[in-house]
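Student: A single structure is presented below for examination.
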Amino acid sequence: MANPSLKSSVFLSCFPTQFLRSIITPQSSTICRKHLLSTVSDSDKSSSSLSSMSSFTVQYLTNTCGFPLEDALSASEKLQLNENKPHKHQSVLEILRSFHFYDTHITKLLIKCPKILQMKVNNNLKPKLEYLRDNGLEGRLLPDLIVSNPEILTRSLSGFTKPRLEILKKYLHTNDEVFGAVKRTSWLWRLNLKGIMERNIELLLSEGVTTRSIERWVFWQPRTLMHRVDRIVYAIWTVKELGLDPSSFTCVRAIQVLLSISHSTWNQKAQNFKALGWSEELIWSAFKRDSLCFALSEEKVRRAMDFYVNTMKLKPEVIAAQPNLLAYAMDTRIRPRYSVIKVLECRKLLKKKFKVFWVFRLTEKDSWKNLWTSIWTKFQTCWRYIMVQSWLRRGIN
């Protein structure tokens, strides 16, 4: 806002000096001085009041709400608490505590959204908290949900919170799943679930996708359910052309992969496979078996193929038949295990028809347990044979 004295000087400069002298009398001069002093006084009072409110805001946020000083100073630039009505802000803290918000919850929540301190309790905060509690989000679930999504308290209950919770509870059957989905994907609460997501889910269900698959889909990959209908339709058509059953998890995962990458990215990944000796038929065959091979980076695929083809002397057809091999960590899983297998082969401790891929697929714990159990069994058999032969020689002698 412009300075009042500056405005006056600009205004007066528009008039001739003679004219100003003719109208300024001792009486009018006194009035002008009083007005100027009054304006300056009002300005000082306003500035002092703002400074006092800012100081109170910082003190309240740090002392009562547990704000670090830096966060309190930052919040005070946008928020001014009224020191004459501290009970208003205190009532906000009290209602939060009554719904099992600990001090750590309150601090995190207010740092994210300090304007909650200025909200009305009975007409705004309390109805929203009661609605969530009455719908099963109680105990630790409620404060954790609110802290991760403060807009639940700042947006409309009927127009924002209710429609979203109704959709999530429709497809996620437990409160823990609802909270887990929102906490895992915090932006989920901000999406247009009632319109876009529900429409796409109904389409998938009509095409044969099971409700269990939808439940897992909403929980783990909700973003892919927010695409345009035409992309959903194309993905369903593609997997059906491959002969996949929509009710199977393999089919659902294939749809998710198709929705998670753009058409140009798909072409780029396909060209990468072709450069490694894969035909179009092999590419689609591998995708049908395990679509996650198309979710891998091109560099990871190249490194894996380099090892399997140049070190293990495998053909692309073998890898395409077991595309999950491309996803394993080369340096910490495949190479070390392959080295151990080669040593055992040299010592003739493995069967001729030993399946090396079996070792690659086992978990870190089970792989060594099963492998060394097999080796120890062979060692015991050999040791018994040696001992029997020794006893026989002694008996003969």
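Every chain in the structure tokens takes a letter, A first, then B, and so on in the order presented; its residues are numbered from 1, and the ligands are numbered from 1 following the presented order.
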Find the residues around range 65-70 of chain A up to 8 Å (only C-alpha atoms counted), leave out those fewer than 3 positions away in its own chain, and share them as a short mmCIF file (atom, residue, chain, number, x, y, z; two decimals) with N, CA and C atoms, in the first residue's frame.
Tutor:
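Result file selection.cif:
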```
data_model
loop_
_atom_site.label_atom_id
_atom_site.label_comp_id
_atom_site.auth_asym_id
_atom_site.auth_seq_id
_atom_site.Cartn_x
_atom_site.Cartn_y
_atom_site.Cartn_z
N VAL A 58 4.92 -16.35 16.01
CA VAL A 58 6.17 -17.12 16.10
C VAL A 58 6.28 -17.78 17.47
N TYR A 60 3.86 -18.54 19.59
CA TYR A 60 2.84 -19.56 19.77
C TYR A 60 3.20 -20.84 19.02
N LEU A 61 3.68 -20.68 17.80
CA LEU A 61 4.04 -21.85 16.99
C LEU A 61 5.22 -22.61 17.58
N THR A 62 6.18 -21.89 18.12
CA THR A 62 7.36 -22.56 18.69
C THR A 62 7.07 -23.13 20.08
N LEU A 73 9.02 -19.01 11.65
CA LEU A 73 9.23 -17.74 10.94
C LEU A 73 8.64 -17.81 9.54
N SER A 74 8.83 -18.93 8.88
CA SER A 74 8.28 -19.10 7.53
C SER A 74 6.76 -19.07 7.56
N ASP A 103 1.40 -34.97 20.07
CA ASP A 103 2.08 -33.70 19.78
C ASP A 103 2.89 -33.78 18.49
N ILE A 106 0.52 -33.35 15.61
CA ILE A 106 0.05 -31.96 15.51
C ILE A 106 1.13 -31.07 14.90
N THR A 107 2.36 -31.24 15.35
CA THR A 107 3.46 -30.44 14.81
C THR A 107 3.63 -30.68 13.32
N LEU A 110 0.58 -29.15 11.34
CA LEU A 110 0.55 -27.69 11.27
C LEU A 110 1.72 -27.11 10.48
N ILE A 111 2.85 -27.80 10.46
CA ILE A 111 3.96 -27.35 9.61
C ILE A 111 3.55 -27.44 8.15
#
```
Student: Taking into account only C-alpha atoms, which residue in the set A:Phe360, A:Tyr328, A:Tyr171, A:Trp187 is nearest to Trp217 in chain A?
Tutor: A:Tyr171
Student: Sorted by chain and rising residue number, which residues of range 113-203 of chain A lie within 7 Å of range 222-230 of chain A, and what are their closest atom pairs and distances in Å to one decimal, counting only C-alpha atoms, as a tab-separated table?
Tutor:
```
residue	atom	partner	partner_atom	distance
A:Ile196	CA	A:Met226	CA	5.9
A:Met197	CA	A:Met226	CA	5.5
A:Asn200	CA	A:Leu225	CA	6.4
```
Student: So what do you get for CA of Ser262 in chain A versus CA of Thr211 in chain A, distance-wise?
Tutor: 26.4 Å
Student: Out of A:Ser55, A:Asn63, A:Asn135, A:Ser248, which residue has the shortest atom-to-atom distance to Leu79 in chain A when counting only C-alpha atoms?
Tutor: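 Nearest candidate to Leu79 in chain A out of A:Ser55, A:Asn63, A:Asn135, A:Ser248: A:Ser55.
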Student: I'd like the neighbourhood of Pro150 in chain A as an mmCIF file with N, CA, C and O atoms, in the first residue's frame, where a residue qualifies if any of its atoms comes within 7 Å (using only C-alpha atoms), though same-chain residues fewer than 4 positions away should be ignored.
Tutor:
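Ended up saving to out16.cif:
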```cif
data_model
loop_
_atom_site.group_PDB
_atom_site.id
_atom_site.type_symbol
_atom_site.label_atom_id
_atom_site.label_comp_id
_atom_site.auth_asym_id
_atom_site.auth_seq_id
_atom_site.Cartn_x
_atom_site.Cartn_y
_atom_site.Cartn_z
ATOM 1 N N LEU A 109 1.473 -31.869 11.183
ATOM 2 C CA LEU A 109 0.288 -31.404 10.462
ATOM 3 C C LEU A 109 0.300 -29.894 10.271
ATOM 4 O O LEU A 109 0.066 -29.391 9.165
ATOM 5 N N CYS A 113 0.359 -27.466 7.059
ATOM 6 C CA CYS A 113 -0.806 -26.619 6.797
ATOM 7 C C CYS A 113 -1.144 -25.784 8.031
ATOM 8 O O CYS A 113 -2.084 -26.100 8.774
ATOM 9 N N ILE A 146 -4.533 -38.029 8.261
ATOM 10 C CA ILE A 146 -4.649 -36.572 8.169
ATOM 11 C C ILE A 146 -3.275 -35.922 7.987
ATOM 12 O O ILE A 146 -3.127 -34.989 7.186
ATOM 13 N N THR A 154 -9.054 -29.202 5.085
ATOM 14 C CA THR A 154 -9.249 -27.873 4.503
ATOM 15 C C THR A 154 -10.262 -27.875 3.354
ATOM 16 O O THR A 154 -10.758 -26.827 2.978
#
```
Student: Excluding same-chain residues fewer than 3 positions from range 235-241 of chain A, what lies within 6 Å of it counting only C-alpha atoms, as a compact mmCIF listing (two decimals) with C-alpha atoms, in the first residue's frame?
Tutor:
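Contents of selection-v5.txt, as written:
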```txt
# COMPACT_ATOMS: atom_id res chain seq x y z
CA ILE A 232 -7.73 -48.80 -21.17
CA LEU A 244 -4.38 -63.91 -21.98
CA ILE A 255 -2.46 -54.35 -18.79
```
Student: Quick one, how far is CA of Ala304 in chain A from CA of Val343 in chain A?
Tutor: 21.4 Å
Student: From the DSSP assignment of the backbone, select every residue of range 96-168 of chain A that is alpha helix (DSSP H), and format the answer as a ChimeraX atom specification.
Tutor: /A:96-98,103-112,126-134,141-148,151-154,162-168
Student: May I ask which of the residues A:Cys251, A:Trp189, A:Ala320, A:Pro143 is the closest one to Arg155 in chain A, counting only C-alpha atoms?
Tutor: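 Using only C-alpha atoms, the shortest distance to Arg155 in chain A belongs to A:Trp189.
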Student: Can you pull out the residues contacting Trp278 in chain A? Cut-off 12 Å, using only C-alpha atoms, and skip same-chain residues under 3 positions away; I want them as a ChimeraX atom specification.
Tutor: /A:269-275,281-286,301-302,305,315-321
Student: Keeping only C-alpha atoms, write those residues as a compact mmCIF listing (two decimals), in the first residue's frame.
Tutor:
```txt
# COMPACT_ATOMS: atom_id res chain seq x y z
CA LYS A 269 12.18 -50.85 -25.82
CA ALA A 270 11.13 -53.13 -28.68
CA GLN A 271 13.97 -51.77 -30.84
CA ASN A 272 16.39 -52.47 -27.99
CA PHE A 273 15.30 -56.13 -27.91
CA LYS A 274 15.58 -56.40 -31.69
CA ALA A 275 19.13 -55.02 -31.54
CA GLU A 281 7.52 -62.94 -32.29
CA LEU A 282 10.02 -63.49 -29.46
CA ILE A 283 9.28 -60.05 -28.02
CA TRP A 284 5.53 -60.68 -27.81
CA SER A 285 6.13 -64.20 -26.53
CA ALA A 286 8.29 -62.86 -23.68
CA VAL A 301 18.30 -55.64 -20.41
CA ARG A 302 21.52 -55.14 -22.39
CA MET A 305 21.66 -60.34 -22.32
CA LYS A 315 20.30 -68.24 -27.22
CA PRO A 316 17.73 -65.41 -27.19
CA GLU A 317 14.97 -68.03 -27.51
CA VAL A 318 15.97 -69.52 -24.16
CA ILE A 319 15.81 -66.12 -22.43
CA ALA A 320 12.51 -65.24 -24.12
CA ALA A 321 11.05 -68.46 -22.70
```
